[in-house]
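Student: Just target17.pdb, nothing more (PDB, C-alpha atoms):
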ATOM      1  CA  MET Q   1       0.000   0.000   0.000  1.00  0.00           C
ATOM      2  CA  GLU Q   2       1.447   3.334  -1.086  1.00  0.00           C
ATOM      3  CA  LEU Q   3       0.514   6.932  -0.250  1.00  0.00           C
ATOM      4  CA  LYS Q   4       0.023   7.556  -3.966  1.00  0.00           C
ATOM      5  CA  GLN Q   5      -2.646   4.870  -4.050  1.00  0.00           C
ATOM      6  CA  LEU Q   6      -4.379   6.355  -1.010  1.00  0.00           C
ATOM      7  CA  LYS Q   7      -4.421   9.795  -2.629  1.00  0.00           C
ATOM      8  CA  THR Q   8      -6.026   8.300  -5.723  1.00  0.00           C
ATOM      9  CA  PHE Q   9      -8.482   6.379  -3.550  1.00  0.00           C
ATOM     10  CA  LEU Q  10      -9.471   9.626  -1.781  1.00  0.00           C
ATOM     11  CA  VAL Q  11     -10.367  11.356  -5.037  1.00  0.00           C
ATOM     12  CA  VAL Q  12     -12.335   8.365  -6.332  1.00  0.00           C
ATOM     13  CA  ALA Q  13     -14.147   8.060  -2.986  1.00  0.00           C
ATOM     14  CA  GLU Q  14     -15.064  11.740  -3.030  1.00  0.00           C
ATOM     15  CA  THR Q  15     -16.247  11.849  -6.634  1.00  0.00           C
ATOM     16  CA  LEU Q  16     -17.589   8.281  -6.862  1.00  0.00           C
ATOM     17  CA  ASN Q  17     -16.686   8.512 -10.519  1.00  0.00           C
ATOM     18  CA  PHE Q  18     -13.539   7.076 -12.117  1.00  0.00           C
ATOM     19  CA  THR Q  19     -13.747   9.383 -15.133  1.00  0.00           C
ATOM     20  CA  LYS Q  20     -14.029  12.545 -13.037  1.00  0.00           C
ATOM     21  CA  ALA Q  21     -11.307  11.311 -10.673  1.00  0.00           C
ATOM     22  CA  SER Q  22      -8.929  10.718 -13.576  1.00  0.00           C
ATOM     23  CA  GLU Q  23      -9.559  14.266 -14.817  1.00  0.00           C
ATOM     24  CA  LEU Q  24      -8.862  15.754 -11.382  1.00  0.00           C
ATOM     25  CA  LEU Q  25      -5.716  13.668 -10.995  1.00  0.00           C
ATOM     26  CA  TYR Q  26      -4.539  14.262 -14.579  1.00  0.00           C
ATOM     27  CA  LEU Q  27      -4.192  10.509 -15.059  1.00  0.00           C
ATOM     28  CA  ALA Q  28      -5.560   8.072 -17.580  1.00  0.00           C
ATOM     29  CA  GLN Q  29      -8.670   6.326 -16.316  1.00  0.00           C
ATOM     30  CA  SER Q  30      -6.908   2.988 -16.736  1.00  0.00           C
ATOM     31  CA  SER Q  31      -4.163   4.192 -14.362  1.00  0.00           C
ATOM     32  CA  VAL Q  32      -6.725   5.197 -11.731  1.00  0.00           C
ATOM     33  CA  SER Q  33      -8.483   1.836 -12.048  1.00  0.00           C
ATOM     34  CA  ALA Q  34      -5.166   0.002 -11.801  1.00  0.00           C
ATOM     35  CA  GLN Q  35      -4.190   1.861  -8.617  1.00  0.00           C
ATOM     36  CA  ILE Q  36      -7.524   1.075  -6.974  1.00  0.00           C
ATOM     37  CA  LYS Q  37      -7.278  -2.571  -8.041  1.00  0.00           C
ATOM     38  CA  SER Q  38      -3.734  -2.770  -6.635  1.00  0.00           C
ATOM     39  CA  LEU Q  39      -4.903  -1.223  -3.362  1.00  0.00           C
ATOM     40  CA  GLU Q  40      -7.780  -3.710  -3.123  1.00  0.00           C
ATOM     41  CA  ASP Q  41      -5.357  -6.569  -3.804  1.00  0.00           C
ATOM     42  CA  ASP Q  42      -2.927  -5.342  -1.133  1.00  0.00           C
ATOM     43  CA  LEU Q  43      -5.686  -5.047   1.464  1.00  0.00           C
ATOM     44  CA  GLU Q  44      -7.466  -8.190   0.200  1.00  0.00           C
ATOM     45  CA  ILE Q  45     -10.788  -6.364   0.421  1.00  0.00           C
ATOM     46  CA  LYS Q  46     -13.277  -4.780  -1.953  1.00  0.00           C
ATOM     47  CA  LEU Q  47     -13.389  -0.988  -1.577  1.00  0.00           C
ATOM     48  CA  PHE Q  48     -16.124  -0.150  -4.091  1.00  0.00           C
ATOM     49  CA  ASP Q  49     -19.366  -1.764  -5.185  1.00  0.00           C
ATOM     50  CA  ARG Q  50     -20.156  -1.246  -8.835  1.00  0.00           C
ATOM     51  CA  ILE Q  51     -23.866  -1.159  -9.682  1.00  0.00           C
ATOM     52  CA  GLY Q  52     -24.506  -0.353 -13.319  1.00  0.00           C
ATOM     53  CA  ARG Q  53     -22.573   2.795 -14.152  1.00  0.00           C
ATOM     54  CA  ARG Q  54     -22.422   3.996 -10.556  1.00  0.00           C
ATOM     55  CA  ILE Q  55     -19.971   3.078  -7.812  1.00  0.00           C
ATOM     56  CA  TYR Q  56     -20.428   3.124  -4.053  1.00  0.00           C
ATOM     57  CA  LEU Q  57     -18.030   2.782  -1.146  1.00  0.00           C
ATOM     58  CA  THR Q  58     -18.235  -0.517   0.686  1.00  0.00           C
ATOM     59  CA  THR Q  59     -18.163  -0.564   4.486  1.00  0.00           C
ATOM     60  CA  ALA Q  60     -14.444  -1.295   4.288  1.00  0.00           C
ATOM     61  CA  GLY Q  61     -14.036   1.553   1.797  1.00  0.00           C
ATOM     62  CA  GLU Q  62     -15.719   3.997   4.191  1.00  0.00           C
ATOM     63  CA  LYS Q  63     -13.361   2.938   6.983  1.00  0.00           C
ATOM     64  CA  LEU Q  64     -10.325   3.306   4.727  1.00  0.00           C
ATOM     65  CA  TYR Q  65     -11.527   6.766   3.639  1.00  0.00           C
ATOM     66  CA  GLY Q  66     -11.272   8.055   7.205  1.00  0.00           C
ATOM     67  CA  TYR Q  67      -7.747   6.679   7.640  1.00  0.00           C
ATOM     68  CA  ALA Q  68      -6.653   7.903   4.207  1.00  0.00           C
ATOM     69  CA  GLN Q  69      -7.825  11.432   5.062  1.00  0.00           C
ATOM     70  CA  LYS Q  70      -5.845  11.336   8.307  1.00  0.00           C
ATOM     71  CA  MET Q  71      -2.722  10.177   6.471  1.00  0.00           C
ATOM     72  CA  LYS Q  72      -3.122  12.898   3.846  1.00  0.00           C
ATOM     73  CA  GLY Q  73      -3.604  15.446   6.612  1.00  0.00           C
ATOM     74  CA  MET Q  74      -0.437  14.226   8.345  1.00  0.00           C
ATOM     75  CA  GLU Q  75       1.477  14.545   5.095  1.00  0.00           C
ATOM     76  CA  ASP Q  76       0.276  18.146   4.714  1.00  0.00           C
ATOM     77  CA  GLU Q  77       1.255  18.930   8.299  1.00  0.00           C
ATOM     78  CA  ILE Q  78       4.724  17.464   7.781  1.00  0.00           C
ATOM     79  CA  TYR Q  79       5.317  19.635   4.729  1.00  0.00           C
ATOM     80  CA  SER Q  80       3.998  22.663   6.586  1.00  0.00           C
ATOM     81  CA  ALA Q  81       6.102  22.032   9.685  1.00  0.00           C
ATOM     82  CA  VAL Q  82       9.301  21.427   7.721  1.00  0.00           C
ATOM     83  CA  SER Q  83       8.804  24.497   5.537  1.00  0.00           C
ATOM     84  CA  ASN Q  84       7.723  26.647   8.525  1.00  0.00           C
ATOM     85  CA  GLU Q  85       4.713  27.879   6.580  1.00  0.00           C
ATOM     86  CA  GLY Q  86       2.017  27.023   9.104  1.00  0.00           C
ATOM     87  CA  PHE Q  87      -0.853  24.595   8.725  1.00  0.00           C
ATOM     88  CA  ASP Q  88      -3.147  26.476   6.358  1.00  0.00           C
ATOM     89  CA  GLN Q  89      -3.362  23.667   3.844  1.00  0.00           C
ATOM     90  CA  GLY Q  90      -5.123  20.368   3.382  1.00  0.00           C
ATOM     91  CA  TYR Q  91      -8.610  19.249   2.370  1.00  0.00           C
ATOM     92  CA  LEU Q  92     -12.085  20.540   3.193  1.00  0.00           C
ATOM     93  CA  THR Q  93     -14.910  18.294   2.012  1.00  0.00           C
ATOM     94  CA  ILE Q  94     -18.452  19.671   2.029  1.00  0.00           C
ATOM     95  CA  ARG Q  95     -21.753  18.037   1.147  1.00  0.00           C
ATOM     96  CA  ILE Q  96     -24.229  20.571  -0.218  1.00  0.00           C
ATOM     97  CA  PRO Q  97     -27.214  20.537  -2.627  1.00  0.00           C
ATOM     98  CA  GLU Q  98     -26.202  21.759  -6.079  1.00  0.00           C
ATOM     99  CA  THR Q  99     -28.854  24.484  -6.081  1.00  0.00           C
ATOM    100  CA  VAL Q 100     -27.579  25.933  -2.787  1.00  0.00           C
ATOM    101  CA  ALA Q 101     -23.952  25.710  -3.881  1.00  0.00           C
ATOM    102  CA  THR Q 102     -24.708  27.461  -7.167  1.00  0.00           C
ATOM    103  CA  LYS Q 103     -26.450  30.349  -5.419  1.00  0.00           C
ATOM    104  CA  TYR Q 104     -24.243  30.953  -2.389  1.00  0.00           C
ATOM    105  CA  PHE Q 105     -20.853  29.321  -2.835  1.00  0.00           C
ATOM    106  CA  PRO Q 106     -19.083  31.190  -5.685  1.00  0.00           C
ATOM    107  CA  ASP Q 107     -18.387  34.287  -3.560  1.00  0.00           C
ATOM    108  CA  ILE Q 108     -17.741  32.272  -0.396  1.00  0.00           C
ATOM    109  CA  ILE Q 109     -15.245  29.943  -2.070  1.00  0.00           C
ATOM    110  CA  THR Q 110     -13.530  32.878  -3.762  1.00  0.00           C
ATOM    111  CA  ARG Q 111     -12.988  34.639  -0.421  1.00  0.00           C
ATOM    112  CA  TYR Q 112     -11.942  31.408   1.293  1.00  0.00           C
ATOM    113  CA  HIS Q 113      -9.422  30.604  -1.440  1.00  0.00           C
ATOM    114  CA  GLN Q 114      -7.921  34.083  -1.159  1.00  0.00           C
ATOM    115  CA  GLU Q 115      -7.309  33.526   2.547  1.00  0.00           C
ATOM    116  CA  TYR Q 116      -6.344  29.834   2.341  1.00  0.00           C
ATOM    117  CA  PRO Q 117      -4.995  29.294  -1.186  1.00  0.00           C
ATOM    118  CA  ARG Q 118      -3.470  25.912  -0.390  1.00  0.00           C
ATOM    119  CA  VAL Q 119      -6.610  24.331   1.032  1.00  0.00           C
ATOM    120  CA  ARG Q 120      -8.415  22.143  -1.473  1.00  0.00           C
ATOM    121  CA  VAL Q 121     -12.190  22.475  -1.168  1.00  0.00           C
ATOM    122  CA  ASP Q 122     -14.325  19.624  -2.523  1.00  0.00           C
ATOM    123  CA  CYS Q 123     -18.094  20.119  -2.767  1.00  0.00           C
ATOM    124  CA  ILE Q 124     -20.212  17.024  -3.367  1.00  0.00           C
ATOM    125  CA  ASN Q 125     -23.966  16.626  -3.618  1.00  0.00           C
ATOM    126  CA  CYS Q 126     -25.887  15.950  -0.424  1.00  0.00           C
ATOM    127  CA  SER Q 127     -27.145  12.628   0.907  1.00  0.00           C
ATOM    128  CA  ASP Q 128     -28.779  13.121   4.299  1.00  0.00           C
ATOM    129  CA  HIS Q 129     -29.176   9.441   5.196  1.00  0.00           C
ATOM    130  CA  ALA Q 130     -25.395   8.985   5.437  1.00  0.00           C
ATOM    131  CA  LEU Q 131     -24.460  12.335   7.000  1.00  0.00           C
ATOM    132  CA  PRO Q 132     -23.999  11.227  10.640  1.00  0.00           C
ATOM    133  CA  ARG Q 133     -21.684   8.393   9.634  1.00  0.00           C
ATOM    134  CA  GLU Q 134     -19.764  10.525   7.142  1.00  0.00           C
ATOM    135  CA  LEU Q 135     -19.311  13.449   9.550  1.00  0.00           C
ATOM    136  CA  ASN Q 136     -18.231  11.277  12.464  1.00  0.00           C
ATOM    137  CA  SER Q 137     -15.881   9.169  10.356  1.00  0.00           C
ATOM    138  CA  GLY Q 138     -14.175  12.232   8.881  1.00  0.00           C
ATOM    139  CA  ARG Q 139     -15.223  11.471   5.322  1.00  0.00           C
ATOM    140  CA  ILE Q 140     -16.759  14.948   5.137  1.00  0.00           C
ATOM    141  CA  ASP Q 141     -16.137  18.042   7.278  1.00  0.00           C
ATOM    142  CA  LEU Q 142     -19.341  20.005   6.829  1.00  0.00           C
ATOM    143  CA  ALA Q 143     -22.788  19.596   5.279  1.00  0.00           C
ATOM    144  CA  PHE Q 144     -25.666  21.846   4.240  1.00  0.00           C
ATOM    145  CA  LEU Q 145     -29.223  20.550   3.906  1.00  0.00           C
ATOM    146  CA  MET Q 146     -32.563  21.906   2.734  1.00  0.00           C
ATOM    147  CA  THR Q 147     -35.138  20.259   4.991  1.00  0.00           C
ATOM    148  CA  ASP Q 148     -38.148  21.037   7.174  1.00  0.00           C
ATOM    149  CA  SER Q 149     -36.617  19.411  10.252  1.00  0.00           C
ATOM    150  CA  LEU Q 150     -33.496  17.505  11.129  1.00  0.00           C
ATOM    151  CA  HIS Q 151     -32.614  15.356  14.130  1.00  0.00           C
ATOM    152  CA  MET Q 152     -29.236  13.629  14.168  1.00  0.00           C
ATOM    153  CA  GLU Q 153     -27.413  12.090  17.104  1.00  0.00           C
ATOM    154  CA  ASN Q 154     -23.792  13.095  17.706  1.00  0.00           C
ATOM    155  CA  VAL Q 155     -23.997  15.809  15.026  1.00  0.00           C
ATOM    156  CA  LYS Q 156     -24.068  19.539  15.735  1.00  0.00           C
ATOM    157  CA  VAL Q 157     -26.908  21.093  13.714  1.00  0.00           C
ATOM    158  CA  ARG Q 158     -27.367  24.817  13.149  1.00  0.00           C
ATOM    159  CA  TYR Q 159     -30.318  26.531  11.450  1.00  0.00           C
ATOM    160  CA  LEU Q 160     -29.200  29.152   8.904  1.00  0.00           C
ATOM    161  CA  LYS Q 161     -32.236  30.560   7.085  1.00  0.00           C
ATOM    162  CA  ASN Q 162     -35.497  29.870   5.277  1.00  0.00           C
ATOM    163  CA  GLU Q 163     -35.502  29.393   1.523  1.00  0.00           C
ATOM    164  CA  LYS Q 164     -38.513  30.022  -0.704  1.00  0.00           C
ATOM    165  CA  MET Q 165     -39.555  27.147  -2.944  1.00  0.00           C
ATOM    166  CA  VAL Q 166     -40.865  28.032  -6.406  1.00  0.00           C
ATOM    167  CA  LEU Q 167     -42.700  25.844  -8.889  1.00  0.00           C
ATOM    168  CA  VAL Q 168     -41.950  26.521 -12.548  1.00  0.00           C
ATOM    169  CA  GLY Q 169     -44.168  25.209 -15.315  1.00  0.00           C
ATOM    170  CA  SER Q 170     -44.924  25.505 -18.990  1.00  0.00           C
ATOM    171  CA  PRO Q 171     -47.142  28.462 -19.981  1.00  0.00           C
ATOM    172  CA  ASN Q 172     -49.512  25.894 -21.489  1.00  0.00           C
ATOM    173  CA  HIS Q 173     -49.938  23.912 -18.270  1.00  0.00           C
ATOM    174  CA  PRO Q 174     -53.504  24.216 -16.829  1.00  0.00           C
ATOM    175  CA  LEU Q 175     -52.222  25.203 -13.371  1.00  0.00           C
ATOM    176  CA  VAL Q 176     -50.072  27.979 -14.835  1.00  0.00           C
ATOM    177  CA  LYS Q 177     -52.977  29.248 -16.906  1.00  0.00           C
ATOM    178  CA  ASN Q 178     -55.208  29.312 -13.822  1.00  0.00           C
ATOM    179  CA  SER Q 179     -52.513  31.124 -11.852  1.00  0.00           C
ATOM    180  CA  LEU Q 180     -52.188  33.767 -14.569  1.00  0.00           C
ATOM    181  CA  LYS Q 181     -55.936  34.288 -14.360  1.00  0.00           C
ATOM    182  CA  GLY Q 182     -55.563  35.051 -10.651  1.00  0.00           C
ATOM    183  CA  LYS Q 183     -56.945  31.752  -9.371  1.00  0.00           C
ATOM    184  CA  THR Q 184     -55.512  30.477  -6.091  1.00  0.00           C
ATOM    185  CA  MET Q 185     -53.786  27.105  -6.192  1.00  0.00           C
ATOM    186  CA  SER Q 186     -53.976  24.639  -3.300  1.00  0.00           C
ATOM    187  CA  LEU Q 187     -51.863  21.609  -2.433  1.00  0.00           C
ATOM    188  CA  ALA Q 188     -54.723  19.414  -3.605  1.00  0.00           C
ATOM    189  CA  ASP Q 189     -54.239  20.836  -7.116  1.00  0.00           C
ATOM    190  CA  LEU Q 190     -50.761  19.287  -7.171  1.00  0.00           C
ATOM    191  CA  ASP Q 191     -52.098  15.740  -6.822  1.00  0.00           C
ATOM    192  CA  HIS Q 192     -51.336  13.545  -9.840  1.00  0.00           C
ATOM    193  CA  GLN Q 193     -48.997  16.154 -11.331  1.00  0.00           C
ATOM    194  CA  THR Q 194     -45.580  15.222 -12.706  1.00  0.00           C
ATOM    195  CA  PHE Q 195     -42.546  16.984 -11.219  1.00  0.00           C
ATOM    196  CA  LEU Q 196     -38.903  17.169 -12.184  1.00  0.00           C
ATOM    197  CA  LEU Q 197     -36.872  17.367  -8.991  1.00  0.00           C
ATOM    198  CA  ALA Q 198     -33.164  17.619  -8.264  1.00  0.00           C
ATOM    199  CA  THR Q 199     -31.997  14.486  -6.463  1.00  0.00           C
ATOM    200  CA  THR Q 200     -29.864  14.562  -3.317  1.00  0.00           C
ATOM    201  CA  ASP Q 201     -27.657  11.667  -4.243  1.00  0.00           C
TER     202      ASP Q 201
END
Spell out the structure here as structure tokens.
Tutor:
Amino acid sequence: MELKQLKTFLVVAETLNFTKASELLYLAQSSVSAQIKSLEDDLEIKLFDRIGRRIYLTTAGEKLYGYAQKMKGMEDEIYSAVSNEGFDQGYLTIRIPETVATKYFPDIITRYHQEYPRVRVDCINCSDHALPRELNSGRIDLAFLMTDSLHMENVKVRYLKNEKMVLVGSPNHPLVKNSLKGKTMSLADLDHQTFLLATTD
């Protein structure tokens, strides 16, 4: 097992996509796959489940992710300590819905990068069912959710603000036509309607 393999594993685990990981690592996809296969052979364990075109971390993969992050953090600290440049570098992994990230994060990330240029910030889409495990294992550092209520054990939760939800429809849709005529729409009117929704995973 080599640190290079663990670094590759971290990127694949964070993106859950070999193609995207290869682009971020500037490696051929075959090289990324070979490193993961070699790591699995060394550990004699399967790190990813492959279902169709999607991949998921196995239980063993989730455990390794936490250790790999710690090792990468130690490597960053060693470089910082030796070069006497402080500890303002490393990784910050955030789960956040794409719609929220698109609206709020460009300015925030720009300011953060100006202050901490050597910290790599990875934003991945949100999956609330796994948040407690991911936060406590160190797989992610921070998460943002859009939800009516949230109760999680061993996780510090902070309310930030309310967000308005807007329905957008075709001008030819009966509900839109009624709305334009000034008619009030109720929740019952939404029964049996088809919606396109952004997924959280």
Student: Identify all residues satisfying the PyMOL selection byres ((chain Q and resi 4-20) around 8) in the given file; provide them as number ranges by chain.
Tutor: Q: 1-3, 21-25, 29, 32-33, 35-36, 39, 54-57, 65, 68-69, 72, 122, 124
Student: Point out the residue among Q:Ala188, Q:Ala130, Q:Val119, Q:Leu142 with the least atom-to-atom distance to Glu77 in chain Q, counting only C-alpha atoms.
Tutor: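 Smallest separation from Glu77 in chain Q among the options: Q:Val119.
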Student: Identify, on the basis of all atoms listed in the file, every residue whose closest approach to Thr99 in chain Q does not exceed 10 Å; exclude the query and any residue fewer than 3 positions from it along the same chain; express the result as a list in words.
Tutor: Ile96, Thr102, Lys103, Tyr104, Phe105, Asn125, Met146 and Ala198 of chain Q
Student: Around all of range 3-13 of chain Q's listed atoms, make the axis-aligned box with 4 Å on each side and tell me centre and edge lengths in Å to one decimal, as AutoDock Vina command-line options.
Tutor:
--center_x -6.8 --center_y 8.1 --center_z -3.3 --size_x 22.7 --size_y 14.5 --size_z 14.1
Student: Write out as a VMD selection string which residues come within 6 Å of Thr93 in chain Q when counting all atoms listed in the file, dropping same-chain ones fewer than 3 positions away.
Tutor: chain Q and resid 121 to 122 140 to 141
Student: If you count all atoms listed in the file, which residues fall within 7 Å of Thr58 in chain Q, apart from same-chain ones fewer than 5 positions away, as a PyMOL selection string?
Tutor: chain Q and resi 47-49
Student: Using Å and a single decimal, report how far CA of Val166 in chain Q sits from CA of Asn178 in chain Q.
Tutor: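 Calculated distance between CA of Asn178 in chain Q and CA of Val166 in chain Q is 16.2 Å.
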Student: Please indicate the distance in Å from CA of Arg120 in chain Q to CA of Ile45 in chain Q, rounded to one decimal place.
Tutor: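 CA of Ile45 in chain Q lies 28.7 Å from CA of Arg120 in chain Q.
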Student: Between CA of Cys126 in chain Q and CA of Leu145 in chain Q, what is the spacing in Å?
Tutor: 7.1 Å
Student: I'd like to know which of Q:Glu40, Q:Arg133, Q:Tyr26, Q:Thr147 is closest to Leu160 in chain Q, using all atoms listed in the file.
Tutor: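 Of Q:Glu40, Q:Arg133, Q:Tyr26, Q:Thr147, the one nearest Leu160 in chain Q is Q:Thr147, counting all atoms listed in the file.
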Student: For each of Q:Lys161, Q:Lys183, Q:His173, Q:Arg139, take the minimum atom-to-atom distance to Tyr67 in chain Q, counting all atoms listed in the file, then give the residue where this is smallest.
Tutor: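 Comparing Q:Lys161, Q:Lys183, Q:His173, Q:Arg139 against Tyr67 in chain Q, the winner is Q:Arg139.
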Student: Of the residues Q:Ala28, Q:Val100, Q:Leu150, Q:Leu190, which is the one nearest to Glu163 in chain Q, using all atoms listed in the file?
Tutor: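 Answer, going by the shortest atom-to-atom distance: Q:Val100.
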Student: For the structure provided, state which residues fall under the PyMOL selection byres ((chain Q and resi 155) around 8), and present them as a PyMOL selection string.
Tutor: chain Q and resi 132+135-136+152-154+156-157
